[in-house]
Protein chains: 4
Amino acid sequence: MTKNPHKEPVITLTAGPVQAYPRITRAMSRPVHYDFDVYFQAFYEAVARKAARALRVEAPALILQAEPAVALEAAAASLISPDDVVLNLASGVYGKGFGYWAARSAKQVLEIEVPYNDDIKPAQVAEMLQRHPEVAIVTAVHHDTPSGTLNPVGEIGRLVRDHGGLFLVDAVSSFAGMDIHPEDCRADVFITGPGKCLGGAPGITLVTVTDRAWAQMEGNPACPSASVLSLTDWKNAWSQDAPFPFTPSIAEVNGLDAALEAYFEEGPETVWARHELTARACRAGVKAMGLELWAAREEIAAPTTTAVRVPEGLTDETIVAAMRENFGTIISYGRAETKGKLLRIGHMGPVAEPVYALVAVTTLGGTLNRLGYKVDVGGAVEAATAVILDGKG
Amino acid sequence: MTKNPHKEPVITLTAGPVQAYPRITRAMSRPVHYDFDVYFQAFYEAVARKAARALRVEAPALILQAEPAVALEAAAASLISPDDVVLNLASGVYGKGFGYWAARSAKQVLEIEVPYNDDIKPAQVAEMLQRHPEVAIVTAVHHDTPSGTLNPVGEIGRLVRDHGGLFLVDAVSSFAGMDIHPEDCRADVFITGPGKCLGGAPGITLVTVTDRAWAQMEGNPACPSASVLSLTDWKNAWSQDAPFPFTPSIAEVNGLDAALEAYFEEGPETVWARHELTARACRAGVKAMGLELWAAREEIAAPTTTAVRVPEGLTDETIVAAMRENFGTIISYGRAETKGKLLRIGHMGPVAEPVYALVAVTTLGGTLNRLGYKVDVGGAVEAATAVILDGKG
Amino acid sequence: MTKNPHKEPVITLTAGPVQAYPRITRAMSRPVHYDFDVYFQAFYEAVARKAARALRVEAPALILQAEPAVALEAAAASLISPDDVVLNLASGVYGKGFGYWAARSAKQVLEIEVPYNDDIKPAQVAEMLQRHPEVAIVTAVHHDTPSGTLNPVGEIGRLVRDHGGLFLVDAVSSFAGMDIHPEDCRADVFITGPGKCLGGAPGITLVTVTDRAWAQMEGNPACPSASVLSLTDWKNAWSQDAPFPFTPSIAEVNGLDAALEAYFEEGPETVWARHELTARACRAGVKAMGLELWAAREEIAAPTTTAVRVPEGLTDETIVAAMRENFGTIISYGRAETKGKLLRIGHMGPVAEPVYALVAVTTLGGTLNRLGYKVDVGGAVEAATAVILDGKG
Amino acid sequence: MTKNPHKEPVITLTAGPVQAYPRITRAMSRPVHYDFDVYFQAFYEAVARKAARALRVEAPALILQAEPAVALEAAAASLISPDDVVLNLASGVYGKGFGYWAARSAKQVLEIEVPYNDDIKPAQVAEMLQRHPEVAIVTAVHHDTPSGTLNPVGEIGRLVRDHGGLFLVDAVSSFAGMDIHPEDCRADVFITGPGKCLGGAPGITLVTVTDRAWAQMEGNPACPSASVLSLTDWKNAWSQDAPFPFTPSIAEVNGLDAALEAYFEEGPETVWARHELTARACRAGVKAMGLELWAAREEIAAPTTTAVRVPEGLTDETIVAAMRENFGTIISYGRAETKGKLLRIGHMGPVAEPVYALVAVTTLGGTLNRLGYKVDVGGAVEAATAVILDGKG
């Protein structure tokens, strides 16, 4: 291994890439197989079916061979035709960003934008759809990771379906960390991956597509083909009888397989519950220290990421560096608009365990004290612990 | 691990994905790190520099987060502007295919096409460039994998440079299996990856870009940005002080690191020599069985893949299936135009060892006999062995 | 990894330690667990039960935390009391060696010794038992690895049981490579491990003990306790409710688990069949080259090791070194009395696949030719291939 | 992997087996090599030399192929002759236990025993040696793990050397966690392993032996040979030119190599410092909760294990189970005499990082409160944090 001037972090509490489960990284070291051999072809189909089971859809899931940002760009390019009016919902950096991709393909992009610590209200969407019957596609981020906030995609999805539109949902950092699936939000395109709450590595993506959305893509004259931006190229690639459009990322497929296996073995409900409890304990600790949650209302704070405002007089860089230096724990910065304004503690995969709420609270609190911003760490630990013990019933 | 109705192959002798070195797959199981943490940032820069050393260029290599086909599409999109006339050299399926990508971006694509068992002659290129002074970019595949044949990119590169054009070379399945580097062929864009002769997994790509090519991209109004198709997005991403445009595939970077490490530890010259010797022994065995090499002339047969015509009266599917069934060895089919016409025995990475030429010859020969096509396996083994022993001097 | 002046072998065809299955070595990288934690305790019991299932006995298997040689020494020390007369059967180096361990504990050790290329005849045992009614314990090696020969432990076991004695069987290098289990040979103590035909690593041992043998040990005043030489210390250690006498080798237990899992997944009969076919093909090739099998009669040649006499005029060291140098394949020397006289080609675990018979034949034959000892490699390959194709039916 | 009714622990804070470094478990998945092949032989010698460097001795270290308890038994059997009077120093369960092994070989065993929360005083040893000039061998445990207490082996070693005796030291759970090496305590036999502070797996042992001790063993008529209890069998096994007495545990040797590599890469002084700081922070937290350290005086509390008295009215089993249930953290019980009386928090290898002192304090404290034994967790965290921040200077 290449020499590194820096010490490895001791505990990674980020919003992704996350500290992966050892069983998943171990699976990534399985032998590499030839993608045209029957062994790999049967394996790939089995993984696509297993993913469908996790996503609670019928058809084998679409597996794209790159990280979810690529899949989002590809979905925009494939789904949105030059005749389409798109309504993009922006409650954060990722939602806002998707609008730019949509704009490359759409006739017009309408947008509802709210402050990046708030959520999109179904009523806003309803009103917009009423005013703009021409909207064909609505796009939303479920958990806008750079803000750590959730949007009510379940309710929005019903509105979109009633409107007759297609709904595209980015659930990259919420799926498998809470109870959200394509059909829960009537998503026609639903995008997620193993690198967040499933506790795997980034580098591969899961997508579900409804028949309506496939029809739209197949009718879209601008839908890419023979391209990494094409979803249709991969439509039938799950089948052991169909060839791959280009070489799949074998090791990532192996990791995905192990991620799904771990998810089923533990039980989805159990996995969601520990994400929720960890986040709740973490927020209790953070509030007990007198710090301010970034989310405008706690009910929209994600169970997979706790975003905290950077305390007055300090910078995110100083805090992250001091936390690493003193305790070896690392957390995420904000991103783009939220960079510098907040800190993010991830609760995803293996660190979605209540004890890591205590790790976060004690090491963030200790760091703030060290930097001269006085907080009551003892009280914070007690508040977080009370939540945990209560949650363990 | 998911149950599989098929038995794992015993020995994989394909032209990619290849049987990877255990030390590389093991590296892919390293812990996943946060891409914004100083540890990963310093590691990534070190890998980019190490790749540059392997590629024998100055600037840290560009690492793209998907398999090489994506990088080729991205390179076409980034490099070729709407004003450019491109000369595409097609001596096989991959060369031909690149022309389609080029055509999406270029003003015009000229092409020299030769039969897919032959190579492009420098004289053809010289003549074409003379006839078309407007050619700004020339594109070539060094080893057109579906044919197992090489093009003389060294000589062609000199012609392109003299012409003042930019030269884009796909060296995906030749680099690290023989003595080829960007500067050897004056390539302005040179694309390869760890999934072939470096003996790693597919899913990540190395690209080198000259200053002239960066200038071209920066002046190209159609060069993608905020896109998986953008090379410029990643231009500075190697630096530990620069952010990543999107999340890198952490596990693939770990594998790449180990692949490069193994390459240096063994010594590039030693690695090339065993690829060459294995291929030479394999060809000797194949010829001794009376089979026909696909390559029009043996000197253009790649040292990393031996392509053999499917014997009269048999099909590639039958042979591959019977070989797997009887001996557990697998080899590659042809692809697109060459599918059905040839079989490919890969000599890449860990199986670029002379003993695997014997494995190929004995199991292919035994299979043909089994299928009723009589060949002299004994003579073939002796011919291959003679080459090996001679090569071991 | 520590630098090594030698190149790693390309293919290992030894009689142990053997080239392990990747899934087993991967399992050895599972996280290390605390041996007093309920998780590990439940896991250990499950592995002991799984081993019993593979061994086709009722009681959970005894797992000893060192390689089988240690277990053999411990079994001698635990089972044989100072009042016991032991009949030791020596048809090879390992059988002979066990007599020395027996002699440390026994009142007297009788021995039947045959040339080390031959097997013990049941009639010899019958006669000895009749002449020596005082024999309480009979000890035998099923596959005497340094000779590559089998003893008829099934028939001998019946004689011992009729005689009323206890039977101790070393099946280290035959179990899982052929149809042999404790009850097949009425073994009271049966010793094997994952490091041979199960294709795992050395460092841990499986032992089955009948109630009669436990009673003998419990009545043996010299049976060690609080000692690595004690079997009784570990008698109940399989139970998740019992403590371990000393720390188990966690990683080896993980490897053992994976080895058993692989064995069941493939199916024992399938595993034995490919060991048998590989050995048969190998012997056919060896004979076709005019080389002499070490075994006095081919029917006692083990399906897990092919022992071949060193050809006149050459030495084992020269051959092994030249084979490694020219082809990267390695095979085993003899050991003690058989060292210098024979070479051993292992067919164990992942290399118990017919294609490796071809590898053995071509690279051994090529090496002999290289060294000036002329053999017909072509004919050998044809002979071996005929066996394989015939075996594949 | 075998199904398990229990959930894996989230964080393991035990006194061994410990949570291993991923790079070490990863190394245990390296391919298995044949022990008679030059590659493995050269590797083994390199590891023995690397171990010597870590132990700061000249001669390559002796590597025994089982966990340290076996090595201790073997050392007693090999070193102590039937004519020897041994002085055994017992300040805990392990020290006491060694006396039993010594008694099997010695003419007589004298003993100094102190309460198991105290240490042996050099003056006691001096007086005993003066009274018993016939003492030939003195045996001591540096860190008696079941008590978490240290003995002053440095000073004792000087007395033994002046007396002309041989000194055997068990440093299994202190070496690599603090500044202790064979020559620091003039140990003639010094035993340790990778499974504690080096953060590896149990299953292999390192031993250093002085020339005086080798001479003693070679002159000992009762020294075992051809036995797992023999140290002399392995004396020259480090050399690539010498054979192994029995098969080494290949995977464990691979793990040991990685453990030593990690130790050197980080720097021994750095490794010791984080063990010390973690333990000091942990003790500060424990005391701030009003709990009682087991050690009679804090200066004899080991930097690698913090032993805490079980609070009045509770049992160790209840606490350990509740801590696991509520927080997923696990700690060690006592052992034999100390079982039921204390709890042990390990600071070894990867968890010898200050943040884990916070984990220990918050989850132990939270558990005690949950069980009705009220402690001030907040104050404890603040006390521990103050130590950490102070230590980070």
# chains A, B, ... in the order shown; residues from 1 in each chain; ligands from 1
>>> residues_around(residues="range 40-49 of chain B", least_positions_apart="5", cutoff="6 Å", atoms="only C-alpha atoms", output="list in words")
Asp35, Pro60, Ala61, Trp238, Ser239, Gln240 and Asp257 of chain B
>>> closest_atom_pairs(of="chain A", to="chain C", cutoff="9 Å", atoms="only C-alpha atoms", output="JSON lines")
{"residue": "A:Met1", "atom": "CA", "partner": "C:Met1", "partner_atom": "CA", "distance": 8.8}
{"residue": "A:Pro22", "atom": "CA", "partner": "C:Arg30", "partner_atom": "CA", "distance": 7.2}
{"residue": "A:Arg23", "atom": "CA", "partner": "C:Arg30", "partner_atom": "CA", "distance": 7.2}
{"residue": "A:Arg26", "atom": "CA", "partner": "C:Arg26", "partner_atom": "CA", "distance": 6.7}
{"residue": "A:Ala27", "atom": "CA", "partner": "C:Arg26", "partner_atom": "CA", "distance": 8.2}
{"residue": "A:Ser29", "atom": "CA", "partner": "C:Arg26", "partner_atom": "CA", "distance": 7.6}
{"residue": "A:Arg30", "atom": "CA", "partner": "C:Pro22", "partner_atom": "CA", "distance": 7.2}
{"residue": "A:Pro31", "atom": "CA", "partner": "C:Pro22", "partner_atom": "CA", "distance": 7.3}
>>> write_last_selection(atoms="all heavy atoms", output="compact mmCIF listing (two decimals), in the first residue's frame")
# COMPACT_ATOMS: atom_id res chain seq x y z
N MET A 1 0.86 -1.19 0.00
CA MET A 1 0.00 0.00 0.00
C MET A 1 0.89 1.24 0.00
O MET A 1 1.89 1.31 0.70
CB MET A 1 -0.90 -0.02 1.24
CG MET A 1 -1.99 1.03 1.18
SD MET A 1 -3.34 0.68 2.37
CE MET A 1 -2.44 0.10 3.79
N PRO A 22 -17.36 -4.86 6.94
CA PRO A 22 -16.29 -5.75 6.49
C PRO A 22 -16.77 -6.85 5.55
O PRO A 22 -16.09 -7.21 4.61
CB PRO A 22 -15.75 -6.34 7.80
CG PRO A 22 -16.08 -5.33 8.85
CD PRO A 22 -17.37 -4.70 8.41
N ARG A 23 -17.96 -7.37 5.77
CA ARG A 23 -18.40 -8.45 4.88
C ARG A 23 -18.60 -7.96 3.46
O ARG A 23 -18.50 -8.75 2.51
CB ARG A 23 -19.67 -9.13 5.42
CG ARG A 23 -20.89 -8.26 5.39
CD ARG A 23 -22.07 -8.95 6.03
NE ARG A 23 -22.60 -10.02 5.22
CZ ARG A 23 -23.57 -10.83 5.61
NH1 ARG A 23 -24.07 -10.72 6.83
NH2 ARG A 23 -24.03 -11.76 4.83
N ARG A 26 -15.06 -7.43 1.99
CA ARG A 26 -14.52 -8.77 1.76
C ARG A 26 -15.08 -9.36 0.46
O ARG A 26 -14.37 -9.99 -0.30
CB ARG A 26 -14.90 -9.66 2.94
CG ARG A 26 -13.91 -10.71 3.26
CD ARG A 26 -14.07 -11.20 4.70
NE ARG A 26 -15.37 -11.72 4.96
CZ ARG A 26 -16.18 -11.34 5.95
NH1 ARG A 26 -15.82 -10.38 6.79
NH2 ARG A 26 -17.34 -11.88 6.12
N ALA A 27 -16.36 -9.14 0.23
CA ALA A 27 -16.97 -9.65 -1.00
C ALA A 27 -16.36 -9.00 -2.23
O ALA A 27 -16.32 -9.61 -3.31
CB ALA A 27 -18.47 -9.42 -0.98
N SER A 29 -13.43 -8.61 -2.74
CA SER A 29 -12.19 -9.32 -3.07
C SER A 29 -12.45 -10.71 -3.64
O SER A 29 -11.53 -11.50 -3.81
CB SER A 29 -11.29 -9.42 -1.83
OG SER A 29 -11.80 -10.33 -0.89
N ARG A 30 -13.69 -11.01 -3.97
CA ARG A 30 -13.95 -12.28 -4.65
C ARG A 30 -13.24 -12.30 -6.00
O ARG A 30 -12.99 -11.23 -6.58
CB ARG A 30 -15.47 -12.43 -4.90
CG ARG A 30 -16.29 -12.62 -3.63
CD ARG A 30 -17.78 -12.81 -4.00
NE ARG A 30 -18.63 -12.70 -2.82
CZ ARG A 30 -19.94 -12.42 -2.86
NH1 ARG A 30 -20.55 -12.20 -4.02
NH2 ARG A 30 -20.64 -12.36 -1.75
N PRO A 31 -12.95 -13.50 -6.52
CA PRO A 31 -12.31 -13.55 -7.84
C PRO A 31 -13.14 -12.79 -8.89
O PRO A 31 -14.36 -12.73 -8.80
CB PRO A 31 -12.29 -15.04 -8.15
CG PRO A 31 -12.29 -15.72 -6.82
CD PRO A 31 -13.14 -14.84 -5.94
>>> atom_distance(atom1="CA of His163 in chain B", atom2="CA of Val114 in chain B")
21.9 Å
>>> closest_residue(among="D:Thr362, D:Thr315, D:Ser78, D:Asn88", to="Thr232 in chain D", atoms="only C-alpha atoms")
D:Ser78
>>> residues_around(residues="His143 in chain D", least_positions_apart="2", cutoff="9 Å", atoms="only C-alpha atoms", output="list in words")
Val141, Thr145, Pro146, Ser147, Gly148, Thr149, Leu150, Asn151, Asp170, Ala171, Val172, Ser173, Ser174, Ala302 and Thr304 of chain D
>>> write_last_selection(atoms="all heavy atoms", output="short mmCIF file (atom, residue, chain, number, x, y, z; two decimals), in the first residue's frame")
data_model
loop_
_atom_site.label_atom_id
_atom_site.label_comp_id
_atom_site.auth_asym_id
_atom_site.auth_seq_id
_atom_site.Cartn_x
_atom_site.Cartn_y
_atom_site.Cartn_z
N VAL D 141 5.02 -13.07 34.99
CA VAL D 141 4.13 -12.51 33.98
C VAL D 141 4.26 -11.00 34.06
O VAL D 141 4.17 -10.43 35.16
CB VAL D 141 2.67 -12.94 34.26
CG1 VAL D 141 1.74 -12.29 33.25
CG2 VAL D 141 2.54 -14.45 34.23
N THR D 145 -2.98 -10.48 32.66
CA THR D 145 -4.18 -9.98 31.99
C THR D 145 -5.46 -10.13 32.81
O THR D 145 -6.28 -9.21 32.84
CB THR D 145 -4.35 -10.65 30.60
OG1 THR D 145 -3.08 -11.07 30.12
CG2 THR D 145 -4.98 -9.71 29.61
N PRO D 146 -5.68 -11.26 33.49
CA PRO D 146 -6.93 -11.36 34.26
C PRO D 146 -7.06 -10.36 35.40
O PRO D 146 -8.12 -10.22 35.99
CB PRO D 146 -6.89 -12.80 34.80
CG PRO D 146 -5.99 -13.54 33.86
CD PRO D 146 -4.96 -12.54 33.46
N SER D 147 -5.95 -9.67 35.72
CA SER D 147 -6.00 -8.62 36.74
C SER D 147 -5.76 -7.23 36.17
O SER D 147 -6.01 -6.24 36.85
CB SER D 147 -4.91 -8.87 37.81
OG SER D 147 -5.16 -10.06 38.51
N GLY D 148 -5.23 -7.16 34.98
CA GLY D 148 -4.91 -5.86 34.39
C GLY D 148 -3.79 -5.14 35.12
O GLY D 148 -3.72 -3.91 35.10
N THR D 149 -2.88 -5.91 35.75
CA THR D 149 -1.81 -5.29 36.53
C THR D 149 -0.43 -5.70 36.02
O THR D 149 -0.25 -6.79 35.50
CB THR D 149 -1.91 -5.72 38.01
OG1 THR D 149 -2.05 -7.14 38.05
CG2 THR D 149 -3.10 -5.06 38.68
N LEU D 150 0.53 -4.79 36.25
CA LEU D 150 1.90 -5.01 35.77
C LEU D 150 2.82 -5.42 36.91
O LEU D 150 2.66 -4.96 38.04
CB LEU D 150 2.45 -3.70 35.19
CG LEU D 150 1.79 -3.14 33.95
CD1 LEU D 150 2.44 -1.80 33.59
CD2 LEU D 150 1.91 -4.11 32.78
N ASN D 151 3.83 -6.19 36.59
CA ASN D 151 4.92 -6.46 37.51
C ASN D 151 6.18 -5.77 37.04
O ASN D 151 6.39 -5.62 35.82
CB ASN D 151 5.18 -7.97 37.60
CG ASN D 151 4.19 -8.64 38.52
OD1 ASN D 151 3.97 -8.18 39.64
ND2 ASN D 151 3.58 -9.72 38.04
N ASP D 170 6.45 -13.80 30.57
CA ASP D 170 5.23 -13.79 29.74
C ASP D 170 4.85 -12.34 29.50
O ASP D 170 4.41 -11.65 30.43
CB ASP D 170 4.14 -14.56 30.50
CG ASP D 170 2.74 -14.36 29.93
OD1 ASP D 170 2.54 -13.51 29.03
OD2 ASP D 170 1.81 -15.05 30.40
N ALA D 171 5.07 -11.89 28.27
CA ALA D 171 4.74 -10.50 27.93
C ALA D 171 3.67 -10.47 26.85
O ALA D 171 3.62 -9.56 26.03
CB ALA D 171 6.00 -9.77 27.48
N VAL D 172 2.83 -11.48 26.89
CA VAL D 172 1.85 -11.65 25.81
C VAL D 172 0.99 -10.41 25.61
O VAL D 172 0.77 -9.96 24.49
CB VAL D 172 0.97 -12.89 26.09
CG1 VAL D 172 -0.13 -12.99 25.04
CG2 VAL D 172 1.82 -14.16 26.09
N SER D 173 0.51 -9.85 26.71
CA SER D 173 -0.46 -8.75 26.56
C SER D 173 0.12 -7.40 26.95
O SER D 173 -0.62 -6.46 27.21
CB SER D 173 -1.71 -9.05 27.37
OG SER D 173 -1.36 -9.25 28.72
N SER D 174 1.45 -7.30 26.97
CA SER D 174 2.05 -5.99 27.20
C SER D 174 2.94 -5.58 26.02
O SER D 174 2.91 -4.42 25.61
CB SER D 174 2.86 -5.98 28.50
OG SER D 174 3.87 -6.98 28.49
N ALA D 302 -2.25 -1.61 34.06
CA ALA D 302 -1.63 -1.75 32.74
C ALA D 302 -2.18 -0.72 31.76
O ALA D 302 -3.36 -0.35 31.83
CB ALA D 302 -1.87 -3.15 32.20
N THR D 304 -2.75 -1.37 28.88
CA THR D 304 -3.39 -2.14 27.82
C THR D 304 -4.74 -2.74 28.28
O THR D 304 -5.48 -3.26 27.47
CB THR D 304 -2.45 -3.25 27.32
OG1 THR D 304 -2.15 -4.14 28.40
CG2 THR D 304 -1.16 -2.67 26.78
#
>>> atom_distance(atom1="CA of Ile156 in chain B", atom2="CA of Asp83 in chain B")
22.9 Å
>>> residues_around(residues="Asp162 in chain D", least_positions_apart="3", cutoff="12 Å", atoms="only C-alpha atoms", output="PDB file with N, CA and C atoms, in the first residue's frame")
ATOM      1  N   VAL D 125      11.651 -10.517  45.824  1.00  0.00           N
ATOM      2  CA  VAL D 125      12.409 -11.418  44.965  1.00  0.00           C
ATOM      3  C   VAL D 125      13.859 -11.505  45.461  1.00  0.00           C
ATOM      4  N   ALA D 126      14.411 -10.343  45.797  1.00  0.00           N
ATOM      5  CA  ALA D 126      15.807 -10.301  46.264  1.00  0.00           C
ATOM      6  C   ALA D 126      15.964 -11.175  47.506  1.00  0.00           C
ATOM      7  N   LEU D 129      15.711 -14.902  46.640  1.00  0.00           N
ATOM      8  CA  LEU D 129      16.896 -15.421  45.943  1.00  0.00           C
ATOM      9  C   LEU D 129      18.069 -15.585  46.912  1.00  0.00           C
ATOM     10  N   GLN D 130      18.117 -14.672  47.866  1.00  0.00           N
ATOM     11  CA  GLN D 130      19.201 -14.753  48.855  1.00  0.00           C
ATOM     12  C   GLN D 130      18.994 -15.988  49.733  1.00  0.00           C
ATOM     13  N   PRO D 133      19.684 -19.797  47.238  1.00  0.00           N
ATOM     14  CA  PRO D 133      20.698 -19.677  46.179  1.00  0.00           C
ATOM     15  C   PRO D 133      20.539 -20.770  45.126  1.00  0.00           C
ATOM     16  N   ALA D 136      17.284 -21.714  40.084  1.00  0.00           N
ATOM     17  CA  ALA D 136      17.962 -21.655  38.782  1.00  0.00           C
ATOM     18  C   ALA D 136      17.163 -20.853  37.766  1.00  0.00           C
ATOM     19  N   GLU D 155      13.236  -4.479  36.927  1.00  0.00           N
ATOM     20  CA  GLU D 155      14.059  -4.586  38.153  1.00  0.00           C
ATOM     21  C   GLU D 155      14.252  -6.036  38.564  1.00  0.00           C
ATOM     22  N   ILE D 156      13.204  -6.800  38.435  1.00  0.00           N
ATOM     23  CA  ILE D 156      13.316  -8.216  38.818  1.00  0.00           C
ATOM     24  C   ILE D 156      14.344  -8.920  37.925  1.00  0.00           C
ATOM     25  N   GLY D 157      14.321  -8.571  36.663  1.00  0.00           N
ATOM     26  CA  GLY D 157      15.258  -9.183  35.722  1.00  0.00           C
ATOM     27  C   GLY D 157      16.713  -8.942  36.107  1.00  0.00           C
ATOM     28  N   ARG D 158      16.966  -7.725  36.596  1.00  0.00           N
ATOM     29  CA  ARG D 158      18.341  -7.424  37.018  1.00  0.00           C
ATOM     30  C   ARG D 158      18.758  -8.303  38.189  1.00  0.00           C
ATOM     31  N   LEU D 159      17.841  -8.479  39.134  1.00  0.00           N
ATOM     32  CA  LEU D 159      18.138  -9.328  40.294  1.00  0.00           C
ATOM     33  C   LEU D 159      18.410 -10.765  39.864  1.00  0.00           C
ATOM     34  N   GLY D 165      20.577 -16.633  37.550  1.00  0.00           N
ATOM     35  CA  GLY D 165      19.472 -17.500  37.111  1.00  0.00           C
ATOM     36  C   GLY D 165      18.991 -17.147  35.706  1.00  0.00           C
ATOM     37  N   LEU D 166      18.088 -17.957  35.238  1.00  0.00           N
ATOM     38  CA  LEU D 166      17.424 -17.677  33.959  1.00  0.00           C
ATOM     39  C   LEU D 166      16.066 -17.061  34.260  1.00  0.00           C
ATOM     40  N   PHE D 167      15.640 -16.131  33.405  1.00  0.00           N
ATOM     41  CA  PHE D 167      14.393 -15.409  33.651  1.00  0.00           C
ATOM     42  C   PHE D 167      13.445 -15.646  32.474  1.00  0.00           C
ATOM     43  N   ARG D 186      15.956  -8.320  30.793  1.00  0.00           N
ATOM     44  CA  ARG D 186      16.962  -9.399  30.818  1.00  0.00           C
ATOM     45  C   ARG D 186      16.299 -10.771  30.774  1.00  0.00           C
TER      46      ARG D 186
END
>>> residues_around(residues="range 311-313 of chain B", least_positions_apart="5", cutoff="12 Å", atoms="only C-alpha atoms", output="number ranges by chain")
B: 286, 289-294, 318-319, 340-343, 364-365, 367-369, 371-375
>>> residues_around(residues="Ala90 in chain D", least_positions_apart="6", cutoff="10 Å", atoms="only C-alpha atoms", output="ChimeraX atom specification")
/D:96-99,111-116,118-120,139-141,144,151
>>> write_last_selection(atoms="N, CA and C atoms", output="compact mmCIF listing (two decimals), in the first residue's frame")
# COMPACT_ATOMS: atom_id res chain seq x y z
N LYS D 96 0.04 -17.52 38.60
CA LYS D 96 -0.24 -18.71 39.40
C LYS D 96 -0.26 -19.96 38.51
N GLY D 97 -0.94 -19.84 37.41
CA GLY D 97 -1.08 -20.98 36.51
C GLY D 97 0.25 -21.47 35.97
N PHE D 98 1.14 -20.54 35.72
CA PHE D 98 2.43 -20.97 35.19
C PHE D 98 3.14 -21.89 36.16
N GLY D 99 2.94 -21.64 37.45
CA GLY D 99 3.55 -22.49 38.47
C GLY D 99 3.17 -23.95 38.31
N GLU D 111 7.46 -20.16 45.38
CA GLU D 111 6.54 -19.17 44.83
C GLU D 111 6.43 -17.96 45.73
N ILE D 112 6.39 -16.81 45.11
CA ILE D 112 5.97 -15.60 45.83
C ILE D 112 4.59 -15.26 45.29
N GLU D 113 3.65 -15.21 46.17
CA GLU D 113 2.29 -14.89 45.72
C GLU D 113 1.82 -13.64 46.45
N VAL D 114 1.24 -12.74 45.71
CA VAL D 114 0.67 -11.52 46.31
C VAL D 114 -0.80 -11.48 45.93
N PRO D 115 -1.58 -10.67 46.61
CA PRO D 115 -2.99 -10.55 46.21
C PRO D 115 -3.08 -10.19 44.73
N TYR D 116 -4.16 -10.66 44.10
CA TYR D 116 -4.21 -10.54 42.64
C TYR D 116 -4.55 -9.13 42.13
N ASP D 118 -2.33 -6.79 43.23
CA ASP D 118 -1.07 -6.15 43.63
C ASP D 118 0.07 -6.64 42.72
N ASP D 119 1.26 -6.09 42.93
CA ASP D 119 2.39 -6.55 42.12
C ASP D 119 3.46 -7.16 43.02
N ILE D 120 4.35 -7.90 42.39
CA ILE D 120 5.50 -8.49 43.07
C ILE D 120 6.53 -7.39 43.32
N THR D 139 10.35 -17.18 37.03
CA THR D 139 9.31 -17.01 36.00
C THR D 139 8.31 -15.96 36.45
N ALA D 140 7.94 -15.09 35.50
CA ALA D 140 7.03 -13.99 35.85
C ALA D 140 6.15 -13.63 34.66
N VAL D 141 5.02 -13.07 34.99
CA VAL D 141 4.13 -12.51 33.98
C VAL D 141 4.26 -11.00 34.06
N ASP D 144 -0.36 -9.37 34.03
CA ASP D 144 -1.24 -10.50 34.32
C ASP D 144 -2.65 -10.10 33.88
N ASN D 151 3.83 -6.19 36.59
CA ASN D 151 4.92 -6.46 37.51
C ASN D 151 6.18 -5.77 37.04
>>> residues_around(residues="Thr270 in chain D", least_positions_apart="3", cutoff="12 Å", atoms="only C-alpha atoms", output="list in words")
Lys7 of chain A; Ala176, Gly177, Met178, Asp179, Ala262, Tyr263, Phe264, Glu265, Glu266, Gly267, Ala273, Arg274, His275, Glu276, Leu277, Gly349, Ala352, Glu353 and Lys392 of chain D
>>> atom_distance(atom1="CA of Lys287 in chain B", atom2="CA of Tyr333 in chain B")
19.0 Å
>>> select_by_dssp(residues="range 106-324 of chain D", states="strand (DSSP E or B)", output="number ranges by chain")
D: 108-113, 135-141, 143-144, 149-150, 166-170, 175, 178, 189-192, 205-209, 293, 301, 305-309
